[in-house]
file model-v4.cif (mmCIF, C-alpha atoms)
data_target
#
loop_
_atom_site.label_atom_id
_atom_site.label_comp_id
_atom_site.auth_asym_id
_atom_site.auth_seq_id
_atom_site.Cartn_x
_atom_site.Cartn_y
_atom_site.Cartn_z
CA MET A 1 16.06 -13.64 3.97
CA ARG A 2 16.20 -12.81 0.26
CA ARG A 3 18.66 -13.33 -2.58
CA ALA A 4 21.11 -10.66 -1.39
CA PRO A 5 21.83 -12.55 1.83
CA ILE A 6 21.64 -10.72 5.11
CA ALA A 7 22.90 -13.93 6.69
CA VAL A 8 26.45 -12.56 6.73
CA LEU A 9 25.33 -9.96 9.26
CA LEU A 10 24.06 -12.70 11.55
CA VAL A 11 27.38 -14.54 11.75
CA ALA A 12 28.32 -12.35 14.69
CA LEU A 13 25.29 -13.66 16.57
CA ALA A 14 25.80 -17.40 16.14
CA MET A 15 28.01 -20.05 14.57
CA PRO A 16 26.63 -21.86 11.51
CA ALA A 17 25.53 -25.49 11.67
CA ALA A 18 28.51 -27.65 10.63
CA ALA A 19 26.40 -30.43 9.12
CA ALA A 20 24.76 -28.27 6.46
CA PRO A 21 26.00 -28.56 2.84
CA ASP A 22 26.07 -24.75 2.74
CA PRO A 23 26.54 -23.57 6.34
CA THR A 24 25.63 -19.97 5.50
CA ARG A 25 22.04 -21.12 4.91
CA ASP A 26 21.75 -22.23 8.55
CA VAL A 27 23.00 -19.08 10.29
CA LEU A 28 19.47 -17.96 11.08
CA TRP A 29 18.65 -21.36 12.57
CA ALA A 30 21.78 -21.17 14.75
CA ALA A 31 20.80 -17.71 16.00
CA LEU A 32 17.29 -19.02 16.71
CA LYS A 33 18.68 -21.88 18.79
CA THR A 34 20.62 -19.33 20.85
CA CYS A 35 17.39 -17.42 21.52
CA VAL A 36 15.52 -20.56 22.55
CA LEU A 37 18.31 -21.69 24.86
CA ALA A 38 18.48 -18.27 26.52
CA LYS A 39 14.72 -18.32 27.05
CA ARG A 40 14.72 -21.80 28.57
CA ILE A 41 17.71 -21.30 30.86
CA ALA A 42 17.52 -17.65 31.90
CA ASP A 43 14.12 -16.41 30.66
CA ARG A 44 15.94 -14.01 28.34
CA THR A 45 15.49 -13.71 24.59
CA PHE A 46 18.77 -12.24 23.22
CA PRO A 47 19.56 -12.03 20.35
CA CYS A 48 15.83 -12.23 19.60
CA LEU A 49 13.28 -9.58 20.52
CA SER A 50 10.84 -12.16 21.83
CA VAL A 51 10.56 -15.93 22.17
CA ASP A 52 7.35 -17.91 22.68
CA LEU A 53 8.21 -21.52 23.48
CA GLY A 54 4.64 -22.59 22.78
CA ASP A 55 2.72 -25.38 24.48
CA THR A 56 0.73 -28.47 23.56
CA ASN A 57 -1.83 -26.36 21.69
CA ARG A 58 0.42 -23.71 20.15
CA PRO A 59 3.73 -24.03 18.30
CA GLY A 60 6.59 -21.84 19.44
CA SER A 61 7.85 -18.81 17.54
CA ALA A 62 10.53 -16.15 17.87
CA VAL A 63 11.03 -12.61 16.61
CA LEU A 64 14.44 -11.33 15.49
CA ARG A 65 15.51 -7.90 14.22
CA ALA A 66 17.81 -7.88 11.20
CA PRO A 67 21.14 -6.29 12.25
CA GLY A 68 21.51 -2.74 10.99
CA GLU A 69 17.90 -2.57 9.73
CA PRO A 70 15.75 -1.17 12.57
CA THR A 71 12.38 -1.82 10.93
CA HIS A 72 13.21 -5.22 9.38
CA ILE A 73 11.83 -8.03 11.54
CA VAL A 74 11.65 -11.79 10.95
CA VAL A 75 9.28 -14.21 12.68
CA MET A 76 10.35 -17.88 12.84
CA PRO A 77 9.08 -21.20 14.17
CA THR A 78 11.14 -22.53 17.04
CA ASP A 79 10.83 -25.97 15.40
CA THR A 80 12.70 -26.91 12.24
CA VAL A 81 10.64 -25.84 9.21
CA ALA A 82 12.63 -25.29 6.00
CA GLY A 83 10.29 -22.93 4.17
CA LEU A 84 6.79 -22.26 2.89
CA GLU A 85 6.84 -25.47 0.83
CA ALA A 86 6.88 -27.60 4.03
CA PRO A 87 3.67 -29.74 4.17
CA VAL A 88 3.27 -29.15 7.93
CA LEU A 89 2.42 -25.51 7.21
CA ARG A 90 -0.80 -26.43 5.44
CA GLY A 91 -2.30 -27.45 8.80
CA PRO A 92 -2.83 -25.60 12.11
CA ARG A 93 0.87 -24.70 12.42
CA GLY A 94 0.70 -22.52 9.33
CA ALA A 95 -2.20 -20.53 10.75
CA ALA A 96 -0.37 -20.19 14.08
CA TYR A 97 2.76 -18.74 12.43
CA TRP A 98 0.58 -16.34 10.43
CA ARG A 99 -0.98 -15.11 13.69
CA ALA A 100 2.46 -14.76 15.27
CA ALA A 101 3.57 -12.61 12.33
CA LEU A 102 0.49 -10.39 12.56
CA ALA A 103 1.13 -9.95 16.28
CA ALA A 104 4.74 -8.91 15.60
CA ARG A 105 3.83 -5.91 13.40
CA PRO A 106 4.20 -3.41 16.30
CA PHE A 107 7.93 -4.20 16.39
CA VAL A 108 8.16 -2.47 13.01
CA SER A 109 6.06 0.58 13.85
CA ASP A 110 7.55 0.95 17.36
CA ALA A 111 11.00 1.37 15.82
CA LEU A 112 9.65 4.51 14.11
CA LYS A 113 7.92 5.95 17.18
CA GLY A 114 4.46 6.19 15.66
CA ARG A 115 5.49 7.56 12.25
CA LEU A 116 4.21 4.49 10.38
CA PRO A 117 0.53 3.68 9.76
CA PRO A 118 -0.39 0.00 10.30
CA GLU A 119 -1.30 -0.54 6.65
CA ALA A 120 2.28 0.40 5.63
CA VAL A 121 3.68 -2.73 7.31
CA GLY A 122 3.84 -5.84 5.14
CA LEU A 123 4.64 -9.53 5.58
CA ALA A 124 6.57 -11.61 3.06
CA VAL A 125 7.96 -15.13 2.64
CA ASN A 126 10.38 -15.91 -0.20
CA SER A 127 10.61 -19.04 -2.33
CA ALA A 128 13.20 -21.80 -1.89
CA ARG A 129 15.61 -20.20 -4.36
CA GLY A 130 14.60 -16.66 -3.47
CA ARG A 131 15.70 -17.02 0.16
CA SER A 132 19.16 -17.23 1.69
CA GLN A 133 18.17 -19.27 4.76
CA ASP A 134 16.59 -22.71 5.14
CA GLN A 135 14.55 -21.97 8.25
CA LEU A 136 11.10 -20.51 7.63
CA HIS A 137 11.16 -16.80 8.37
CA ILE A 138 8.37 -14.34 7.74
CA HIS A 139 9.71 -10.89 6.90
CA LEU A 140 8.00 -7.80 8.31
CA ASP A 141 8.91 -4.29 7.24
CA CYS A 142 7.71 -1.12 5.56
CA LEU A 143 6.17 -1.46 2.12
CA LYS A 144 7.40 0.48 -0.89
CA PRO A 145 5.39 3.67 -1.52
CA SER A 146 4.62 2.47 -5.06
CA VAL A 147 3.11 -0.75 -3.69
CA LEU A 148 0.96 1.15 -1.21
CA ALA A 149 -0.21 3.49 -3.97
CA ALA A 150 -1.12 0.56 -6.23
CA VAL A 151 -3.08 -1.16 -3.48
CA LYS A 152 -4.92 2.06 -2.66
CA ALA A 153 -5.84 2.48 -6.33
CA HIS A 154 -6.74 -1.12 -7.18
CA GLY A 155 -7.24 -3.04 -3.93
CA ARG A 156 -11.03 -2.81 -4.02
CA GLN A 157 -11.02 -4.97 -7.16
CA ILE A 158 -9.68 -7.90 -5.10
CA HIS A 159 -12.17 -10.28 -3.48
CA GLY A 160 -12.20 -13.66 -1.76
CA THR A 161 -10.71 -15.79 -4.54
CA TRP A 162 -7.41 -15.53 -6.39
CA THR A 163 -7.39 -13.01 -9.22
CA ARG A 164 -4.63 -11.26 -11.11
CA PHE A 165 -3.66 -7.97 -9.47
CA PRO A 166 -4.36 -5.29 -12.08
CA VAL A 167 -0.83 -3.81 -12.20
CA PRO A 168 2.70 -5.06 -11.46
CA LEU A 169 4.00 -4.64 -7.92
CA ALA A 170 7.73 -3.99 -7.56
CA GLY A 171 8.16 -5.32 -11.10
CA ASP A 172 6.34 -8.64 -10.65
CA ARG A 173 2.84 -9.78 -11.63
CA TYR A 174 0.95 -11.07 -8.61
CA HIS A 175 -2.28 -12.90 -7.98
CA ALA A 176 -4.21 -11.55 -5.01
CA MET A 177 -7.07 -12.49 -2.71
CA ARG A 178 -8.86 -10.72 0.11
CA VAL A 179 -8.94 -12.04 3.68
CA PRO A 180 -11.81 -10.39 5.62
CA ALA A 181 -10.90 -9.10 9.07
CA ALA A 182 -13.38 -11.49 10.69
CA GLU A 183 -11.54 -14.47 9.14
CA ALA A 184 -7.95 -13.30 9.61
CA GLU A 185 -7.30 -15.10 12.90
CA ARG A 186 -8.10 -18.54 11.51
CA PHE A 187 -6.72 -17.94 8.02
CA ASN A 188 -3.77 -19.99 6.75
CA PRO A 189 -1.87 -18.36 3.85
CA PHE A 190 0.30 -21.45 3.38
CA ALA A 191 -2.78 -23.56 2.69
CA ALA A 192 -4.26 -20.87 0.43
CA LEU A 193 -1.18 -21.03 -1.80
CA ARG A 194 -2.19 -24.55 -2.86
CA THR A 195 -5.08 -23.02 -4.81
CA LEU A 196 -2.98 -20.36 -6.54
CA PRO A 197 -3.82 -20.39 -10.28
CA GLY A 198 -1.26 -22.06 -12.50
CA PRO A 199 -0.35 -25.37 -14.11
CA ARG A 200 0.69 -27.03 -10.84
CA PRO A 201 1.00 -26.04 -7.17
CA ASP A 202 4.80 -25.76 -7.14
CA LEU A 203 5.40 -24.24 -3.73
CA HIS A 204 9.21 -24.34 -4.13
CA ARG A 205 8.80 -21.59 -6.77
CA THR A 206 6.12 -19.65 -4.86
CA SER A 207 6.46 -16.51 -2.77
CA PHE A 208 3.82 -14.44 -1.00
CA ALA A 209 3.27 -11.15 0.77
CA ALA A 210 0.39 -9.73 2.80
CA LEU A 211 -0.72 -6.31 3.93
CA ALA A 212 -3.69 -4.69 5.65
CA THR A 213 -6.32 -3.03 3.49
CA PRO A 214 -6.07 0.78 3.34
CA PRO A 215 -8.24 3.00 5.53
CA GLY A 216 -11.70 3.47 4.07
CA ASP A 217 -11.77 0.11 2.30
CA PRO A 218 -15.39 -1.14 2.43
CA GLU A 219 -14.21 -4.68 3.23
CA PRO A 220 -11.40 -4.26 5.78
CA GLY A 221 -8.96 -7.08 6.33
CA PHE A 222 -5.84 -8.17 4.47
CA LEU A 223 -4.73 -8.70 0.90
CA LEU A 224 -2.66 -11.81 0.18
CA LEU A 225 -0.33 -11.46 -2.81
CA ALA A 226 1.52 -14.36 -4.44
CA PHE A 227 3.46 -15.26 -7.57
CA ARG A 228 5.59 -18.07 -8.94
CA ALA A 229 9.03 -17.74 -10.51
CA PRO A 230 12.30 -19.72 -10.28
CA SER A 231 13.64 -17.34 -7.60
CA ALA A 232 10.43 -15.67 -6.48
CA SER A 233 10.98 -13.04 -3.79
CA ALA A 234 7.90 -11.20 -2.54
CA GLU A 235 10.21 -9.42 -0.12
CA ASP A 236 10.84 -7.09 -3.07
CA VAL A 237 7.58 -5.27 -2.21
CA MET A 238 9.33 -4.08 0.96
CA ASP A 239 11.50 -1.03 1.50
CA HIS A 240 14.03 -1.71 4.25
CA SER A 241 14.92 2.01 4.32
CA CYS A 242 11.24 2.78 5.06
CA ALA A 243 10.84 5.83 2.86
CA VAL A 244 7.11 5.92 3.60
CA ALA A 245 7.75 6.79 7.26
CA ALA A 246 9.82 9.81 6.27
CA GLY A 247 7.22 10.95 3.74
CA ARG A 248 9.61 10.36 0.86
CA GLY A 249 8.56 9.00 -2.49
CA GLY A 250 10.27 6.16 -4.29
CA ALA A 251 9.71 2.79 -5.85
#
call {"tool": "encode", "arguments": {"input": "model-v4.cif", "output": "C-alpha cells"}}
result
Amino acid sequence: MRRAPIAVLLVALAMPAAAAPDPTRDVLWAALKTCVLAKRIADRTFPCLSVDLGDTNRPGSAVLRAPGEPTHIVVMPTDTVAGLEAPVLRGPRGAAYWRAALAARPFVSDALKGRLPPEAVGLAVNSARGRSQDQLHIHLDCLKPSVLAAVKAHGRQIHGTWTRFPVPLAGDRYHAMRVPAAEAERFNPFAALRTLPGPRPDLHRTSFAALATPPGDPEPGFLLLAFRAPSASAEDVMDHSCAVAAGRGGA
C-alpha cells in the first residue's frame, strides 16, 4: 500500500505480527497468512479473493481486495518477499508474480460490471519508503483519466528501451519502455528496473507502474513506467474512485 496507509482498514481482518519493529507494516502479511491457512485447511480463500498455493514450478500468489475500495486489488506472493528491491524478484519468481498480476486484472473490471476497458486498469508497486507494508504487493486499479490521456497522446513514442516519458504523469517524471504483447508472458519488470537510467540502480527508491497500450496502437502490449525518488509511489497514477468508469474527468 502507499504512503497514506490503508493498513488500518486491514486490522479487522488479521492481527499484526508481534515481532515486527512496526507491527502496522505487517498487517497485510498477517491477512495473507490467514488466506493461505484457509486455503490449505478448508479450500477457502477468505479474506482473499483467490489463493494459488503454487507448486514446484510456480510460486504461490494471492489476491486481496482493499476494504471499502471495490476496484482496488493487491496481488501478493504467498512467500515472504519484502518489496520490489528483493533480489529473488530478478529471477523467475519476478516474472511469475507479474503474470499473476496480469491475470488478476478482471477482478478490477468485474467490480464495475463491464464499464471499464482493459487498458484503463493499471499495475503499480511502490518503493520501500513509498509503501506502508513490508510484503510485496502489486496494486491493481483504475488509472487516472489524465494518465490515460497522456499515454494515448504520447505512448507511441515509447519503444523497447528506457526513455523519458514526454510529459509528467500524476506530477512525476517517469522513464518508460514498451513490452510487446508477444513478450509479455516471459517479461520480468523487476529485472528490467536494474537497467533504469540513473547514477545507480537503487531499487529501494524505485517505483513502477504498467498498463496496456491503448486500442489502435501499432505495437500492442504494455508500457512499463518507473521513477526514482526517496518515497517514490507509482500508485499515484491510479484513481481508487475510478472516475474513468463513470465517464467523469479529473486528474
call {"tool": "resolve_selection", "arguments": {"input": "model-v4.cif", "expression": "the PyMOL selection byres ((chain A and resi 98-109) around 9)", "output": "MDAnalysis selection string"}}
result
chainID A and resid 49 61:63 65 70:76 93:97 110:118 121:123 138:142 184:190
call {"tool": "write_last_selection", "arguments": {"input": "model-v4.cif", "atoms": "C-alpha atoms", "output": "mmCIF file, in the frame of the given file"}}
result
data_model
loop_
_atom_site.group_PDB
_atom_site.id
_atom_site.type_symbol
_atom_site.label_atom_id
_atom_site.label_comp_id
_atom_site.auth_asym_id
_atom_site.auth_seq_id
_atom_site.Cartn_x
_atom_site.Cartn_y
_atom_site.Cartn_z
ATOM 1 C CA LEU A 49 13.280 -9.580 20.520
ATOM 2 C CA SER A 61 7.850 -18.810 17.540
ATOM 3 C CA ALA A 62 10.530 -16.150 17.870
ATOM 4 C CA VAL A 63 11.030 -12.610 16.610
ATOM 5 C CA ARG A 65 15.510 -7.900 14.220
ATOM 6 C CA PRO A 70 15.750 -1.170 12.570
ATOM 7 C CA THR A 71 12.380 -1.820 10.930
ATOM 8 C CA HIS A 72 13.210 -5.220 9.380
ATOM 9 C CA ILE A 73 11.830 -8.030 11.540
ATOM 10 C CA VAL A 74 11.650 -11.790 10.950
ATOM 11 C CA VAL A 75 9.280 -14.210 12.680
ATOM 12 C CA MET A 76 10.350 -17.880 12.840
ATOM 13 C CA ARG A 93 0.870 -24.700 12.420
ATOM 14 C CA GLY A 94 0.700 -22.520 9.330
ATOM 15 C CA ALA A 95 -2.200 -20.530 10.750
ATOM 16 C CA ALA A 96 -0.370 -20.190 14.080
ATOM 17 C CA TYR A 97 2.760 -18.740 12.430
ATOM 18 C CA ASP A 110 7.550 0.950 17.360
ATOM 19 C CA ALA A 111 11.000 1.370 15.820
ATOM 20 C CA LEU A 112 9.650 4.510 14.110
ATOM 21 C CA LYS A 113 7.920 5.950 17.180
ATOM 22 C CA GLY A 114 4.460 6.190 15.660
ATOM 23 C CA ARG A 115 5.490 7.560 12.250
ATOM 24 C CA LEU A 116 4.210 4.490 10.380
ATOM 25 C CA PRO A 117 0.530 3.680 9.760
ATOM 26 C CA PRO A 118 -0.390 0.000 10.300
ATOM 27 C CA VAL A 121 3.680 -2.730 7.310
ATOM 28 C CA GLY A 122 3.840 -5.840 5.140
ATOM 29 C CA LEU A 123 4.640 -9.530 5.580
ATOM 30 C CA ILE A 138 8.370 -14.340 7.740
ATOM 31 C CA HIS A 139 9.710 -10.890 6.900
ATOM 32 C CA LEU A 140 8.000 -7.800 8.310
ATOM 33 C CA ASP A 141 8.910 -4.290 7.240
ATOM 34 C CA CYS A 142 7.710 -1.120 5.560
ATOM 35 C CA ALA A 184 -7.950 -13.300 9.610
ATOM 36 C CA GLU A 185 -7.300 -15.100 12.900
ATOM 37 C CA ARG A 186 -8.100 -18.540 11.510
ATOM 38 C CA PHE A 187 -6.720 -17.940 8.020
ATOM 39 C CA ASN A 188 -3.770 -19.990 6.750
ATOM 40 C CA PRO A 189 -1.870 -18.360 3.850
ATOM 41 C CA PHE A 190 0.300 -21.450 3.380
#
call {"tool": "resolve_selection", "arguments": {"input": "model-v4.cif", "expression": "the PyMOL selection byres ((chain A and resi 45) around 10)", "output": "number ranges by chain"}}
result
A: 32, 34-40, 42-44, 46-52, 62-64
call {"tool": "resolve_selection", "arguments": {"input": "model-v4.cif", "expression": "the PyMOL selection byres ((chain A and resi 80-92) around 9)", "output": "PyMOL selection string"}}
result
chain A and resi 29+58+76-79+93-97+125-128+131+133-137+186+188-192+194+202-207
call {"tool": "closest_residue", "arguments": {"input": "model-v4.cif", "among": "A:Leu143, A:Ala234, A:Leu196, A:Ala182", "to": "A:Ala209", "atoms": "only C-alpha atoms"}}
result
A:Ala234
call {"tool": "closest_residue", "arguments": {"input": "model-v4.cif", "among": "A:Leu193, A:Ala149, A:Ala66, A:Ala246", "to": "A:Leu225", "atoms": "all atoms listed in the file"}}
result
A:Leu193
call {"tool": "closest_residue", "arguments": {"input": "model-v4.cif", "among": "A:Thr195, A:Thr213, A:Thr161, A:Ser146", "to": "A:Ala243", "atoms": "all atoms listed in the file"}}
result
A:Ser146
